[in-house]
Amino acid sequence: PAFLAPVTLFPLKMLRAVVLAASLASAAAFAPSSILPRSSSHAAKAVGPRMQASESVPFLSKPKRLDSSLPGYVGFDPLGLSDYVDVKWLQEGEIKNGRVAMLGVVGLIVPEVFTFPFFKKGVAVYDNFFQIPPESLGQIALAIGLIEVFSHKGKITPVDMFEDGRKPGEFGFDPLGFGKNPDAFKRYELAEIKNGRLAMIAIGGMTHHYFLTGKGPIEFLTQIPNFKSCTSAAIDTGLCV
């Protein structure tokens, strides 16, 4: 009947509209989005800035508290010691140990060429060390400790050692006047730290090498065939046939 036509057409139009909307929705799911989703402030804070790599160890982050103005700075602090201890106090220890190591390297090499009268010839420095009684070694350690305390006027902790503005490793000892030229003095400071670092590695290597082979550095070098001919080698190593 004619009066039922609007009722029949209305559901049909609605069905077509629903089908069309569903089709558009499914098609939109495969279309690329032209608007990037907004990231929340919490997500942005979680990501943060990109890590600054260390100059010497690129796969580690740059030490935050290392002072790049200090001589010998290369951004090397894999253990993160500068996060907990004053950098000046750490460099003070590095400079002192480097100076002792440089003297120690000389002390390990020279006795193979020259022996003082009060030492036995042919005895390595390492063996002479173990001939010293424990009491004497204790006195030497005590003397070194007292020198350390008095040279810093009792201020030996990271908190108070540099209250007077003193630079690490500076004790006013310059008998040859190297510090008169500021530009040259900077080069000397850097050279001292680099040579001190090398000496610390060298004395560790020479000491362990002696414990393993029983030979000093010069004695070992003379036994290398490529270093000296087999006929003129000081010691027969059995390597030359």
# chains A, B, ... in the order shown; residues from 1 in each chain; ligands from 1
>>> closest_atom_pairs(of="range 95-193 of chain A", to="range 59-82 of chain A", cutoff="9 Å", atoms="only C-alpha atoms", output="Markdown table")
| residue | atom | partner | partner_atom | distance |
| --- | --- | --- | --- | --- |
| A:Lys186 | CA | A:Pro71 | CA | 7.7 |
| A:Arg187 | CA | A:Pro71 | CA | 8.9 |
| A:Glu189 | CA | A:Pro71 | CA | 6.6 |
| A:Leu190 | CA | A:Pro71 | CA | 5.4 |
| A:Ala191 | CA | A:Gly72 | CA | 8.4 |
| A:Ile193 | CA | A:Gly72 | CA | 6.3 |
>>> write_last_selection(atoms="C-alpha atoms", output="PDB file, in the first residue's frame")
ATOM      1  CA  LYS A 186     101.091  24.353  30.757  1.00  0.00           C
ATOM      2  CA  ARG A 187     102.979  22.055  28.395  1.00  0.00           C
ATOM      3  CA  GLU A 189     102.022  20.084  33.350  1.00  0.00           C
ATOM      4  CA  LEU A 190     100.497  18.026  30.549  1.00  0.00           C
ATOM      5  CA  ALA A 191     103.781  16.234  29.861  1.00  0.00           C
ATOM      6  CA  ILE A 193     100.689  13.801  33.712  1.00  0.00           C
TER       7      ILE A 193
END
>>> select_by_dssp(residues="range 172-231 of chain A", states="helix (DSSP H, G or I)", output="PyMOL selection string")
chain A and resi 178-180+182-213+217-221
>>> atom_distance(atom1="CA of Gly93 in chain A", atom2="CA of Phe162 in chain A")
13.0 Å
>>> residues_around(residues="Glu92 in chain A", least_positions_apart="6", cutoff="12 Å", atoms="only C-alpha atoms", output="PyMOL selection string")
chain A and resi 70-71+85-86+98-99+148+152+156-158+161-162+166-171+193
>>> residues_around(residues="Val106 in chain A", least_positions_apart="4", cutoff="12 Å", atoms="only C-alpha atoms", output="MDAnalysis selection string")
chainID A and resid 99:102 110:114 125 199:200 202:203 206 217:218
>>> atom_distance(atom1="CA of Asn97 in chain A", atom2="CA of Val57 in chain A")
23.0 Å
>>> decode(residues="range 82-101 of chain A", atoms="N, CA, C and O atoms", output="PDB file, in the first residue's frame")
ATOM      1  N   SER A  82      84.401  10.342  39.825  1.00  0.00           N
ATOM      2  CA  SER A  82      84.213  11.792  39.955  1.00  0.00           C
ATOM      3  C   SER A  82      82.799  12.163  40.387  1.00  0.00           C
ATOM      4  O   SER A  82      82.564  13.309  40.776  1.00  0.00           O
ATOM      5  N   ASP A  83      81.868  11.221  40.336  1.00  0.00           N
ATOM      6  CA  ASP A  83      80.507  11.499  40.809  1.00  0.00           C
ATOM      7  C   ASP A  83      80.428  11.509  42.336  1.00  0.00           C
ATOM      8  O   ASP A  83      79.439  11.997  42.888  1.00  0.00           O
ATOM      9  N   TYR A  84      81.432  10.946  42.989  1.00  0.00           N
ATOM     10  CA  TYR A  84      81.377  10.810  44.438  1.00  0.00           C
ATOM     11  C   TYR A  84      82.522  11.523  45.161  1.00  0.00           C
ATOM     12  O   TYR A  84      82.391  11.828  46.349  1.00  0.00           O
ATOM     13  N   VAL A  85      83.643  11.755  44.464  1.00  0.00           N
ATOM     14  CA  VAL A  85      84.828  12.340  45.095  1.00  0.00           C
ATOM     15  C   VAL A  85      85.240  13.582  44.314  1.00  0.00           C
ATOM     16  O   VAL A  85      85.057  13.651  43.095  1.00  0.00           O
ATOM     17  N   ASP A  86      85.808  14.549  45.018  1.00  0.00           N
ATOM     18  CA  ASP A  86      86.269  15.780  44.390  1.00  0.00           C
ATOM     19  C   ASP A  86      87.304  15.459  43.311  1.00  0.00           C
ATOM     20  O   ASP A  86      88.262  14.710  43.545  1.00  0.00           O
ATOM     21  N   VAL A  87      87.126  16.043  42.124  1.00  0.00           N
ATOM     22  CA  VAL A  87      88.011  15.763  40.998  1.00  0.00           C
ATOM     23  C   VAL A  87      89.439  16.217  41.303  1.00  0.00           C
ATOM     24  O   VAL A  87      90.414  15.551  40.929  1.00  0.00           O
ATOM     25  N   LYS A  88      89.595  17.332  41.988  1.00  0.00           N
ATOM     26  CA  LYS A  88      90.938  17.825  42.323  1.00  0.00           C
ATOM     27  C   LYS A  88      91.667  16.845  43.238  1.00  0.00           C
ATOM     28  O   LYS A  88      92.868  16.636  43.101  1.00  0.00           O
ATOM     29  N   TRP A  89      90.952  16.250  44.152  1.00  0.00           N
ATOM     30  CA  TRP A  89      91.556  15.278  45.057  1.00  0.00           C
ATOM     31  C   TRP A  89      91.997  14.036  44.290  1.00  0.00           C
ATOM     32  O   TRP A  89      93.055  13.460  44.567  1.00  0.00           O
ATOM     33  N   LEU A  90      91.197  13.622  43.306  1.00  0.00           N
ATOM     34  CA  LEU A  90      91.560  12.476  42.475  1.00  0.00           C
ATOM     35  C   LEU A  90      92.795  12.779  41.632  1.00  0.00           C
ATOM     36  O   LEU A  90      93.688  11.938  41.503  1.00  0.00           O
ATOM     37  N   GLN A  91      92.853  13.975  41.064  1.00  0.00           N
ATOM     38  CA  GLN A  91      94.027  14.311  40.249  1.00  0.00           C
ATOM     39  C   GLN A  91      95.271  14.483  41.110  1.00  0.00           C
ATOM     40  O   GLN A  91      96.380  14.176  40.674  1.00  0.00           O
ATOM     41  N   GLU A  92      95.101  14.941  42.336  1.00  0.00           N
ATOM     42  CA  GLU A  92      96.233  15.015  43.259  1.00  0.00           C
ATOM     43  C   GLU A  92      96.848  13.630  43.440  1.00  0.00           C
ATOM     44  O   GLU A  92      98.074  13.466  43.391  1.00  0.00           O
ATOM     45  N   GLY A  93      95.996  12.643  43.642  1.00  0.00           N
ATOM     46  CA  GLY A  93      96.494  11.273  43.784  1.00  0.00           C
ATOM     47  C   GLY A  93      97.131  10.757  42.505  1.00  0.00           C
ATOM     48  O   GLY A  93      98.144  10.046  42.548  1.00  0.00           O
ATOM     49  N   GLU A  94      96.553  11.100  41.359  1.00  0.00           N
ATOM     50  CA  GLU A  94      97.122  10.652  40.088  1.00  0.00           C
ATOM     51  C   GLU A  94      98.514  11.244  39.872  1.00  0.00           C
ATOM     52  O   GLU A  94      99.448  10.553  39.466  1.00  0.00           O
ATOM     53  N   ILE A  95      98.659  12.541  40.142  1.00  0.00           N
ATOM     54  CA  ILE A  95      99.949  13.205  39.943  1.00  0.00           C
ATOM     55  C   ILE A  95     101.005  12.626  40.879  1.00  0.00           C
ATOM     56  O   ILE A  95     102.146  12.342  40.474  1.00  0.00           O
ATOM     57  N   LYS A  96     100.649  12.428  42.143  1.00  0.00           N
ATOM     58  CA  LYS A  96     101.621  11.888  43.105  1.00  0.00           C
ATOM     59  C   LYS A  96     102.042  10.470  42.734  1.00  0.00           C
ATOM     60  O   LYS A  96     103.235  10.130  42.763  1.00  0.00           O
ATOM     61  N   ASN A  97     101.072   9.630  42.395  1.00  0.00           N
ATOM     62  CA  ASN A  97     101.413   8.264  42.008  1.00  0.00           C
ATOM     63  C   ASN A  97     102.213   8.236  40.712  1.00  0.00           C
ATOM     64  O   ASN A  97     103.091   7.382  40.538  1.00  0.00           O
ATOM     65  N   GLY A  98     101.918   9.171  39.803  1.00  0.00           N
ATOM     66  CA  GLY A  98     102.700   9.236  38.567  1.00  0.00           C
ATOM     67  C   GLY A  98     104.140   9.630  38.831  1.00  0.00           C
ATOM     68  O   GLY A  98     105.066   9.080  38.226  1.00  0.00           O
ATOM     69  N   ARG A  99     104.362  10.561  39.738  1.00  0.00           N
ATOM     70  CA  ARG A  99     105.728  10.973  40.081  1.00  0.00           C
ATOM     71  C   ARG A  99     106.495   9.831  40.730  1.00  0.00           C
ATOM     72  O   ARG A  99     107.665   9.582  40.410  1.00  0.00           O
ATOM     73  N   VAL A 100     105.845   9.132  41.644  1.00  0.00           N
ATOM     74  CA  VAL A 100     106.502   7.989  42.284  1.00  0.00           C
ATOM     75  C   VAL A 100     106.794   6.897  41.258  1.00  0.00           C
ATOM     76  O   VAL A 100     107.860   6.262  41.294  1.00  0.00           O
ATOM     77  N   ALA A 101     105.866   6.680  40.324  1.00  0.00           N
ATOM     78  CA  ALA A 101     106.069   5.649  39.308  1.00  0.00           C
ATOM     79  C   ALA A 101     107.229   5.999  38.381  1.00  0.00           C
ATOM     80  O   ALA A 101     108.004   5.121  37.983  1.00  0.00           O
TER      81      ALA A 101
END
